[in-house]
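**Q** One structure, pasted below without further comment.
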Amino acid sequence: MCAVSVLDRIGVGIDTARYGHRVSFLRPDRQPAAKPLTVMENRAGYQALEERLKQLRERHPQAHFQVRIDAAGQYAVNLEQFLRSLDLPMTLSIGEPKRNKDYQKAHFPKRTTDDTESQAMARFAVVELPAATPSPSTPMVLLREVVSRLQAQVKQTTRAINRLHNLLARAFPELATLTDDLAAGWVLRLLDKYPTAERIAQAHRATLEKIPYLSHEQAEALHQAARCSVASLSGAVAEALVRELVSEVRHSQNAEKTLRQLLSSAFAALPRSSHLQVITISGIGEATAAVLVAKIVDIDRFESPAKLVNYFGAFPEENSSGVDKQGHPLPTGTLHMSRKGNDLVRGYLWNATRSAICHNPAIRALYHRLKAKGKRGDVAIGHCMRKLLHLVFAVWKTDRPFDPEHFPWEASADTPLSATTPCDPGTCATPSASDRAVGHKRDLPAKRVVTTAVEPTRPPVKPSTQVDTVARPKVDFVFLRHHVTMEQVLRYLELMSQLRGRGEQRRGPCPVHSHPGDAKRTFAVHLGKNVFQCFHAECAVKGNVLDLWAAIHRLPLYEAALHLAETFQLPRNREEEPVARTRHPRAVAAMRSLGTPPPVQMNQGDTGS
């Protein structure tokens with residue numbers, strides 16, 4: 001047990017709620033440093049917490065307070081500002097509710113109370129020592145409030161439209177087949193004047209045509225459908241109910257419009273920083289940038305673009321559980337867009353992506369490649385959303401504006417695709433074969449992998465030839481990966497002997513970040529699927545054969561593909577004819593050990609037989 005006089009830190013865990021908060025205090029040995037305290041959401045409760053902290057400070061002058069707050073809802077905002085104002089040695093971290101809940105279940109699996117939740121957070125604070133959460137500026141707090149209110153209002157509008165749709169299913173069911181948007185202005189004006197099918201049938205078609213944006217053909221179709229309607233509700237009461245819901249939809253739409261104006265004002269009031277580079281990305285407007293900044297707050301919260309993508313749920317998830325309507329099991333590999341992330345941001349991102357497909361060369365090139373491979377339109381847009389978040393991460397992190405000419409996104413060896421020709425995601429034509437980029441990651445050259453080791457397990461091998469940045473050879477990444485296996489690469493790198501396990505799954509020290517002789521088996525590889533992953537938190541590299549080659553040799557993805565093809569004498573694309581080059585002896589040995597004979601070497605002047 002730690003001596004009282006040398007207590008260097010105290011964990012303070014706070015479980016927040018609407019009317020009061022539960023606070024626990026733990027020493028590094030996980031024993032209580034003081035009795036738990038209930039802090040009411042008022043001045044007296046805050047003063048009681050301040051007195052308790054000062055008492056612990058007097059008893060343990062050398063102690064540093066590690067405070068962890070559960071940020072469920074908005075109940076922690078006032079408490080956070082109060083704690084930051086105290087003149088005490090303190091590290092304040094705001095935890096995500098999901099992570100806090102998982103930590104609580106891991107250490108207190110049989111109980112879920114305010115005490116166990118606050119104790120779990122105090123334990124996390126004093127043992128894990130999380131980094132301090134930056135204090136948001138006042139304009140950022142106001143922007144987040146506006147975005148939160150806008151998100152709630154959008155949901156309220158959706159609920160009002162759904163209720164109107166439900167009522168019209170009995171008052172005028174045919175209307176839903178004549179329009180795709182029941183919240184359109186002409187629809188609401190029509191229903192306010194003629195709420196039921198009976199009233200529309202009694203109206204003159206000339207009167208219906210006076211409604212703005214209602215064409216002659218639509219008016220005639222509406223009048224005919226109303227005269228033959230199967231509606232079961234009519235009369236004064238039904239009309240009053242429809243008008244009441246129409247008024248509710250209009251009121252909610254006006255509230256949204258007001259909040260969007262406040263959103264622009266709050267975003268413009270933010271202090272100037274690198275977040276403004278987000279607006280320079282073609283396709284992202286001020287509203288989309290505002291909601292992104294409000295939810296991201298600080299780009300340093302995310303270690304990589306993948307973490308940002310996961311935060312907003314812009315990735316596919318497999319859902320092959322259950323059966324379809326005919327009772328057939330869902331096929332394995334059925335993918336759907338993840339339901340994680342913020343609904344408001346995902347909606348804005350979806351619309352921004354559709355705009356970027358027309359005006360952003362990076363997004364347009366990716367969309368064309370995916371459509372050329374037979375992907376559905378919604379699936380292709382989902383991948384483009386992910387790419388758009390990668391661009392957000394890049395420009396915000398580097399504080400540099402988006403440069404459409406940074407990379408020849410749509411250029412090919414034959415005919416470049418114009419970067420200025422607009423297109424529509426639903427109608428744009430698929431580019432010709434000479435315009436298509438090949439592979440799955442021909443976007444930006446991969447950034448260098450951040451490692452924690454002094455040096456890798458073996459000195460990196462650099463390519464023997466320099467790549468001409470003007471005439472870049474075309475590389476089909478998928479085609480290249482199919483010509484070399486993970487086991488061949490591992491044998492060439494002399495790493496197979498360090499891996500343990502049977503069958504196709506092996507584990508061992510990570511060749512990317514580990515020191516020589518490191519015994520921690522954080523590196524996992526599946527020889528059948530040709531994939532790998534490092535489970536070390538600071539490394540976390542993963543991917544396929546090409547990703548492993550790039551990580552170990554510290555090369556961008558494109559350079560790594562050229563280097564891999566040169567080492568194993570592989571064709572870089574389907575059009576490339578076999579060229580006689582000197583295969584590295586270790587590559588030949590690796591292929592022969594697996595029963596794969598190397599191809600016959602020919603001189604450039606030979607034709608072969």
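As shown in the structure tokens, the chain order sets the letters A, B, ...; within each chain, residues go from 1, and ligands are also counted from 1 in the order they appear.
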Residues at most 12 Å from Lys397 (chain A), counting only C-alpha atoms, excluding those fewer than 6 positions away in the same chain, as JSON, numbers by chain?
**A** {"A": [273, 274, 275, 276, 277, 278, 298, 299, 300, 301, 302, 303, 304, 305, 308, 389, 390, 391]}
**Q** Near region 257-262 of chain A, counting only C-alpha atoms, which residues have an atom at most 8 Å away, once you skip same-chain residues fewer than 4 positions from it, shown as JSON, numbers by chain?
**A** {"A": [146, 149, 150, 253, 266, 287]}
**Q** Can I get the selection written as an mmCIF file, in the first residue's frame, with C-alpha atoms?
**A**
```cif
data_model
loop_
_atom_site.group_PDB
_atom_site.id
_atom_site.type_symbol
_atom_site.label_atom_id
_atom_site.label_comp_id
_atom_site.auth_asym_id
_atom_site.auth_seq_id
_atom_site.Cartn_x
_atom_site.Cartn_y
_atom_site.Cartn_z
ATOM 1 C CA VAL A 146 -26.025 25.051 -32.751
ATOM 2 C CA ARG A 149 -29.880 21.800 -31.910
ATOM 3 C CA LEU A 150 -29.921 21.507 -35.710
ATOM 4 C CA GLN A 253 -38.757 23.592 -41.753
ATOM 5 C CA ALA A 266 -21.209 30.473 -35.439
ATOM 6 C CA ALA A 287 -22.519 24.116 -43.828
#
```
**Q** Report the distance between CA of Asn530 (chain A) and CA of Arg491 (chain A) in Å, rounded to one decimal place.
**A**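 Atom-to-atom, CA of Asn530 (chain A) and CA of Arg491 (chain A) are spaced 13.4 Å apart.
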**Q** Could you check the closest approach to Lys295 (chain A) for each of A:Glu145, A:Leu366, A:Asn360, A:Val242 and tell me which residue wins, using only C-alpha atoms?
**A**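 Smallest distance to Lys295 (chain A) is found for A:Glu145.
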**Q** Measuring atom to atom with only C-alpha atoms, identify which of A:Gln47, A:Arg189, A:Ala169, A:Arg30 is nearest to Glu128 (chain A).
**A**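 The closest residue to Glu128 (chain A) is A:Arg30.
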**Q** What are the DSSP alpha helix (DSSP H) residues of region 183-349 of chain A, as JSON, numbers by chain?
**A** {"A": [185, 186, 187, 188, 189, 190, 191, 192, 193, 197, 198, 199, 200, 201, 202, 205, 206, 207, 208, 209, 216, 217, 218, 219, 220, 221, 222, 223, 224, 225, 226, 227, 236, 237, 238, 239, 240, 241, 242, 243, 244, 245, 246, 247, 248, 249, 250, 251, 252, 253, 254, 255, 256, 257, 258, 259, 260, 261, 262, 263, 264, 265, 266, 267, 268, 286, 287, 288, 289, 290, 291, 292, 293, 294, 295, 296, 305, 306, 307, 308, 309, 310, 311, 312, 343, 344, 345, 346, 347, 348, 349]}
**Q** Hey, can you check how far CA of Pro361 (chain A) sits from CA of Leu546 (chain A)?
**A**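 These two atoms are separated by 25.2 Å.
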**Q** What does the distance from CA of Arg386 (chain A) to CA of Ile284 (chain A) come to in Å, to one decimal?
**A**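 Separation between CA of Arg386 (chain A) and CA of Ile284 (chain A): 13.5 Å.
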**Q** My list of candidates is A:Leu168, A:Ala550, A:Gly341, A:Thr280. Which is closest to Phe315 (chain A) when distances are computed with only C-alpha atoms?
**A**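 Nearest candidate to Phe315 (chain A) out of A:Leu168, A:Ala550, A:Gly341, A:Thr280: A:Gly341.
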**Q** With a distance cut-off of 9 Å and only C-alpha atoms, select the neighbouring residues of His216 (chain A), excluding the residue or stretch itself and same-chain residues fewer than 4 positions from it, and output the selection as an MDAnalysis selection string.
**A** chainID A and resid 205:206 208:209 220:221
**Q** Compile the contact shell of Ala240 (chain A) as a list in words: residues with an atom at most 10 Å away, counting only C-alpha atoms, same-chain residues fewer than 6 positions apart removed.
**A** Asp192, Pro195, Thr196 and Val246 of chain A
**Q** Create the file for the chosen residues now, containing N, CA and C atoms and written as a PDB file, in the first residue's frame.
**A**
```pdb
ATOM      1  N   ASP A 192     -52.770  22.240 -47.529  1.00  0.00           N
ATOM      2  CA  ASP A 192     -53.316  23.267 -46.648  1.00  0.00           C
ATOM      3  C   ASP A 192     -54.647  23.799 -47.200  1.00  0.00           C
ATOM      4  N   PRO A 195     -57.188  19.510 -47.977  1.00  0.00           N
ATOM      5  CA  PRO A 195     -56.506  18.536 -47.121  1.00  0.00           C
ATOM      6  C   PRO A 195     -56.794  17.068 -47.450  1.00  0.00           C
ATOM      7  N   THR A 196     -57.926  16.777 -48.068  1.00  0.00           N
ATOM      8  CA  THR A 196     -58.288  15.382 -48.287  1.00  0.00           C
ATOM      9  C   THR A 196     -58.554  15.138 -49.774  1.00  0.00           C
ATOM     10  N   VAL A 246     -49.580  19.673 -41.504  1.00  0.00           N
ATOM     11  CA  VAL A 246     -48.932  20.533 -42.496  1.00  0.00           C
ATOM     12  C   VAL A 246     -48.300  21.741 -41.817  1.00  0.00           C
TER      13      VAL A 246
END
```
**Q** Leaving out Ile69 (chain A) and any residue of its chain fewer than 2 positions from it, which residues lie within 12 Å of it when counting only C-alpha atoms, given as a PyMOL selection string?
**A** chain A and resi 11-17+21-24+66-67+71-81+83+91-97+99-100+117-125+130+132-133
**Q** What does the file look like for those residues with C-alpha atoms, as a tab-separated table (two decimals), in the first residue's frame?
**A**
```tsv
chain	number	residue	atom	x	y	z
A	11	GLY	CA	-7.93	9.28	-9.70
A	12	VAL	CA	-11.23	11.17	-9.78
A	13	GLY	CA	-14.06	9.54	-11.72
A	14	ILE	CA	-17.30	11.46	-12.37
A	15	ASP	CA	-20.49	9.87	-13.67
A	16	THR	CA	-22.67	12.72	-14.93
A	17	ALA	CA	-26.46	12.98	-14.90
A	21	HIS	CA	-23.12	13.67	-10.53
A	22	ARG	CA	-21.47	10.79	-8.67
A	23	VAL	CA	-17.76	11.25	-7.89
A	24	SER	CA	-15.29	8.56	-6.74
A	66	GLN	CA	-6.34	12.65	-12.72
A	67	VAL	CA	-9.97	13.51	-13.47
A	71	ALA	CA	-19.50	12.97	-21.39
A	72	ALA	CA	-22.96	11.43	-21.74
A	73	GLY	CA	-25.29	14.05	-23.19
A	74	GLN	CA	-24.50	17.68	-22.33
A	75	TYR	CA	-24.63	17.29	-18.57
A	76	ALA	CA	-20.84	17.58	-18.15
A	77	VAL	CA	-20.37	20.99	-19.82
A	78	ASN	CA	-20.94	23.14	-16.72
A	79	LEU	CA	-18.95	20.80	-14.51
A	80	GLU	CA	-16.05	20.75	-16.97
A	81	GLN	CA	-15.84	24.55	-17.04
A	83	LEU	CA	-13.13	22.16	-12.82
A	91	THR	CA	-5.36	16.58	-15.72
A	92	LEU	CA	-8.91	16.61	-17.04
A	93	SER	CA	-9.98	14.08	-19.69
A	94	ILE	CA	-13.44	13.75	-21.21
A	95	GLY	CA	-14.26	10.14	-22.06
A	96	GLU	CA	-16.52	8.74	-24.74
A	97	PRO	CA	-19.58	7.03	-23.19
A	99	ARG	CA	-15.43	3.42	-24.07
A	100	ASN	CA	-16.36	4.22	-20.47
A	117	GLU	CA	-19.43	3.67	-13.19
A	118	SER	CA	-17.67	6.47	-11.32
A	119	GLN	CA	-15.22	3.97	-9.78
A	120	ALA	CA	-14.45	2.53	-13.21
A	121	MET	CA	-13.64	6.00	-14.53
A	122	ALA	CA	-11.51	6.79	-11.48
A	123	ARG	CA	-9.65	3.52	-12.03
A	124	PHE	CA	-9.15	4.35	-15.69
A	125	ALA	CA	-7.82	7.80	-14.78
A	130	PRO	CA	-5.25	9.38	-20.25
A	132	ALA	CA	-5.73	15.81	-21.13
A	133	THR	CA	-8.67	16.89	-23.27
```
**Q** Find the spatial neighbours of Arg507 (chain A), counting only C-alpha atoms, within a cut-off of 10 Å - ignore same-chain residues fewer than 2 positions away - and output them as a PDB file with N, CA, C and O atoms, in the first residue's frame.
**A**
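Printed below is selection.pdb as written:
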```pdb
ATOM      1  N   MET A 496       9.515 -15.685 -41.675  1.00  0.00           N
ATOM      2  CA  MET A 496       8.687 -16.850 -41.369  1.00  0.00           C
ATOM      3  C   MET A 496       9.178 -17.589 -40.137  1.00  0.00           C
ATOM      4  O   MET A 496       8.389 -18.124 -39.347  1.00  0.00           O
ATOM      5  N   GLN A 498      10.278 -16.376 -37.483  1.00  0.00           N
ATOM      6  CA  GLN A 498       9.925 -15.671 -36.248  1.00  0.00           C
ATOM      7  C   GLN A 498       8.447 -15.829 -35.882  1.00  0.00           C
ATOM      8  O   GLN A 498       8.043 -15.419 -34.799  1.00  0.00           O
ATOM      9  N   LEU A 499       7.651 -16.389 -36.794  1.00  0.00           N
ATOM     10  CA  LEU A 499       6.219 -16.524 -36.561  1.00  0.00           C
ATOM     11  C   LEU A 499       5.896 -17.884 -35.982  1.00  0.00           C
ATOM     12  O   LEU A 499       6.500 -18.891 -36.339  1.00  0.00           O
ATOM     13  N   ARG A 500       4.939 -17.920 -35.091  1.00  0.00           N
ATOM     14  CA  ARG A 500       4.527 -19.158 -34.434  1.00  0.00           C
ATOM     15  C   ARG A 500       3.063 -19.423 -34.750  1.00  0.00           C
ATOM     16  O   ARG A 500       2.263 -18.515 -34.938  1.00  0.00           O
ATOM     17  N   GLY A 501       2.714 -20.695 -34.789  1.00  0.00           N
ATOM     18  CA  GLY A 501       1.336 -21.083 -35.043  1.00  0.00           C
ATOM     19  C   GLY A 501       1.269 -22.195 -36.063  1.00  0.00           C
ATOM     20  O   GLY A 501       2.270 -22.574 -36.695  1.00  0.00           O
ATOM     21  N   ARG A 502       0.073 -22.735 -36.208  1.00  0.00           N
ATOM     22  CA  ARG A 502      -0.170 -23.809 -37.155  1.00  0.00           C
ATOM     23  C   ARG A 502      -1.227 -23.380 -38.157  1.00  0.00           C
ATOM     24  O   ARG A 502      -2.046 -22.524 -37.876  1.00  0.00           O
ATOM     25  N   GLN A 505      -2.865 -19.293 -39.838  1.00  0.00           N
ATOM     26  CA  GLN A 505      -2.744 -18.150 -38.952  1.00  0.00           C
ATOM     27  C   GLN A 505      -1.450 -18.243 -38.148  1.00  0.00           C
ATOM     28  O   GLN A 505      -1.188 -19.246 -37.489  1.00  0.00           O
ATOM     29  N   PRO A 509       6.578 -11.217 -33.470  1.00  0.00           N
ATOM     30  CA  PRO A 509       6.898  -9.796 -33.291  1.00  0.00           C
ATOM     31  C   PRO A 509       6.655  -9.023 -34.578  1.00  0.00           C
ATOM     32  O   PRO A 509       6.824  -9.544 -35.680  1.00  0.00           O
ATOM     33  N   CYS A 510       6.244  -7.771 -34.442  1.00  0.00           N
ATOM     34  CA  CYS A 510       5.923  -6.948 -35.600  1.00  0.00           C
ATOM     35  C   CYS A 510       7.202  -6.532 -36.325  1.00  0.00           C
ATOM     36  O   CYS A 510       8.100  -5.947 -35.700  1.00  0.00           O
ATOM     37  N   LYS A 520       7.277  -9.798 -27.922  1.00  0.00           N
ATOM     38  CA  LYS A 520       5.837  -9.537 -27.936  1.00  0.00           C
ATOM     39  C   LYS A 520       5.264  -9.901 -29.296  1.00  0.00           C
ATOM     40  O   LYS A 520       5.699  -9.389 -30.316  1.00  0.00           O
ATOM     41  N   ARG A 521       4.265 -10.764 -29.292  1.00  0.00           N
ATOM     42  CA  ARG A 521       3.678 -11.260 -30.539  1.00  0.00           C
ATOM     43  C   ARG A 521       2.446 -10.421 -30.894  1.00  0.00           C
ATOM     44  O   ARG A 521       1.310 -10.866 -30.782  1.00  0.00           O
ATOM     45  N   THR A 522       2.683  -9.206 -31.321  1.00  0.00           N
ATOM     46  CA  THR A 522       1.588  -8.310 -31.696  1.00  0.00           C
ATOM     47  C   THR A 522       1.242  -8.412 -33.173  1.00  0.00           C
ATOM     48  O   THR A 522       0.238  -7.854 -33.614  1.00  0.00           O
ATOM     49  N   PHE A 523       2.078  -9.105 -33.942  1.00  0.00           N
ATOM     50  CA  PHE A 523       1.905  -9.188 -35.393  1.00  0.00           C
ATOM     51  C   PHE A 523       1.168 -10.480 -35.728  1.00  0.00           C
ATOM     52  O   PHE A 523       1.604 -11.575 -35.369  1.00  0.00           O
ATOM     53  N   ALA A 524       0.027 -10.371 -36.410  1.00  0.00           N
ATOM     54  CA  ALA A 524      -0.768 -11.529 -36.809  1.00  0.00           C
ATOM     55  C   ALA A 524      -0.902 -11.524 -38.325  1.00  0.00           C
ATOM     56  O   ALA A 524      -1.101 -10.477 -38.946  1.00  0.00           O
ATOM     57  N   VAL A 525      -0.799 -12.715 -38.912  1.00  0.00           N
ATOM     58  CA  VAL A 525      -0.887 -12.847 -40.358  1.00  0.00           C
ATOM     59  C   VAL A 525      -1.743 -14.052 -40.705  1.00  0.00           C
ATOM     60  O   VAL A 525      -1.714 -15.071 -40.000  1.00  0.00           O
ATOM     61  N   HIS A 526      -2.545 -13.926 -41.737  1.00  0.00           N
ATOM     62  CA  HIS A 526      -3.352 -15.031 -42.244  1.00  0.00           C
ATOM     63  C   HIS A 526      -2.830 -15.359 -43.638  1.00  0.00           C
ATOM     64  O   HIS A 526      -3.021 -14.599 -44.599  1.00  0.00           O
ATOM     65  N   PHE A 532      -2.497  -9.055 -42.965  1.00  0.00           N
ATOM     66  CA  PHE A 532      -1.761  -8.979 -41.706  1.00  0.00           C
ATOM     67  C   PHE A 532      -2.310  -7.820 -40.884  1.00  0.00           C
ATOM     68  O   PHE A 532      -3.024  -6.948 -41.397  1.00  0.00           O
ATOM     69  N   GLN A 533      -1.950  -7.807 -39.600  1.00  0.00           N
ATOM     70  CA  GLN A 533      -2.333  -6.704 -38.723  1.00  0.00           C
ATOM     71  C   GLN A 533      -1.434  -6.709 -37.506  1.00  0.00           C
ATOM     72  O   GLN A 533      -1.096  -7.776 -36.974  1.00  0.00           O
ATOM     73  N   CYS A 534      -1.032  -5.509 -37.063  1.00  0.00           N
ATOM     74  CA  CYS A 534      -0.299  -5.349 -35.812  1.00  0.00           C
ATOM     75  C   CYS A 534      -1.264  -4.780 -34.785  1.00  0.00           C
ATOM     76  O   CYS A 534      -1.927  -3.768 -35.023  1.00  0.00           O
TER      77      CYS A 534
END
```
**Q** Show which residues sit within 12 Å of Arg163 (chain A), as a list in words. Count only C-alpha atoms, and ignore same-chain residues fewer than 4 positions away.
**A**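 The neighbour list is Gln156, Thr157, Thr158, Arg159, Leu167, Leu168, Ala169, Arg170, Leu182, Ala183, Leu241, Val242, Glu244, Leu245, Val246, Glu248 and Val249 of chain A.
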**Q** Could you take the residues named above and write them with C-alpha atoms, as a compact mmCIF listing (two decimals), in the first residue's frame?
**A**
```txt
# COMPACT_ATOMS: atom_id res chain seq x y z
CA GLN A 156 -38.17 16.56 -35.54
CA THR A 157 -38.88 17.49 -39.16
CA THR A 158 -38.48 13.88 -40.24
CA ARG A 159 -40.91 12.74 -37.55
CA LEU A 167 -52.24 10.21 -42.01
CA LEU A 168 -52.35 10.67 -45.79
CA ALA A 169 -52.25 6.90 -46.17
CA ARG A 170 -55.91 7.09 -45.06
CA LEU A 182 -44.35 15.11 -49.28
CA ALA A 183 -42.50 18.05 -47.72
CA LEU A 241 -55.84 16.87 -38.65
CA VAL A 242 -54.10 17.17 -42.03
CA GLU A 244 -52.38 20.64 -38.26
CA LEU A 245 -49.62 18.31 -39.48
CA VAL A 246 -48.93 20.53 -42.50
CA GLU A 248 -46.14 21.41 -37.97
CA VAL A 249 -43.98 20.46 -40.97
```
**Q** Of the residues A:Arg506, A:Arg84, A:His563, A:Lys35, which is the one nearest to Trp549 (chain A), using only C-alpha atoms?
**A**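 The closest residue to Trp549 (chain A) is A:His563.
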**Q** Choose the residue, out of A:Leu129, A:Pro36, A:Arg354, A:Ala44, that has the smallest atom-to-atom separation from Arg9 (chain A); count only C-alpha atoms.
**A**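 Result for the nearest residue to Arg9 (chain A): A:Leu129.
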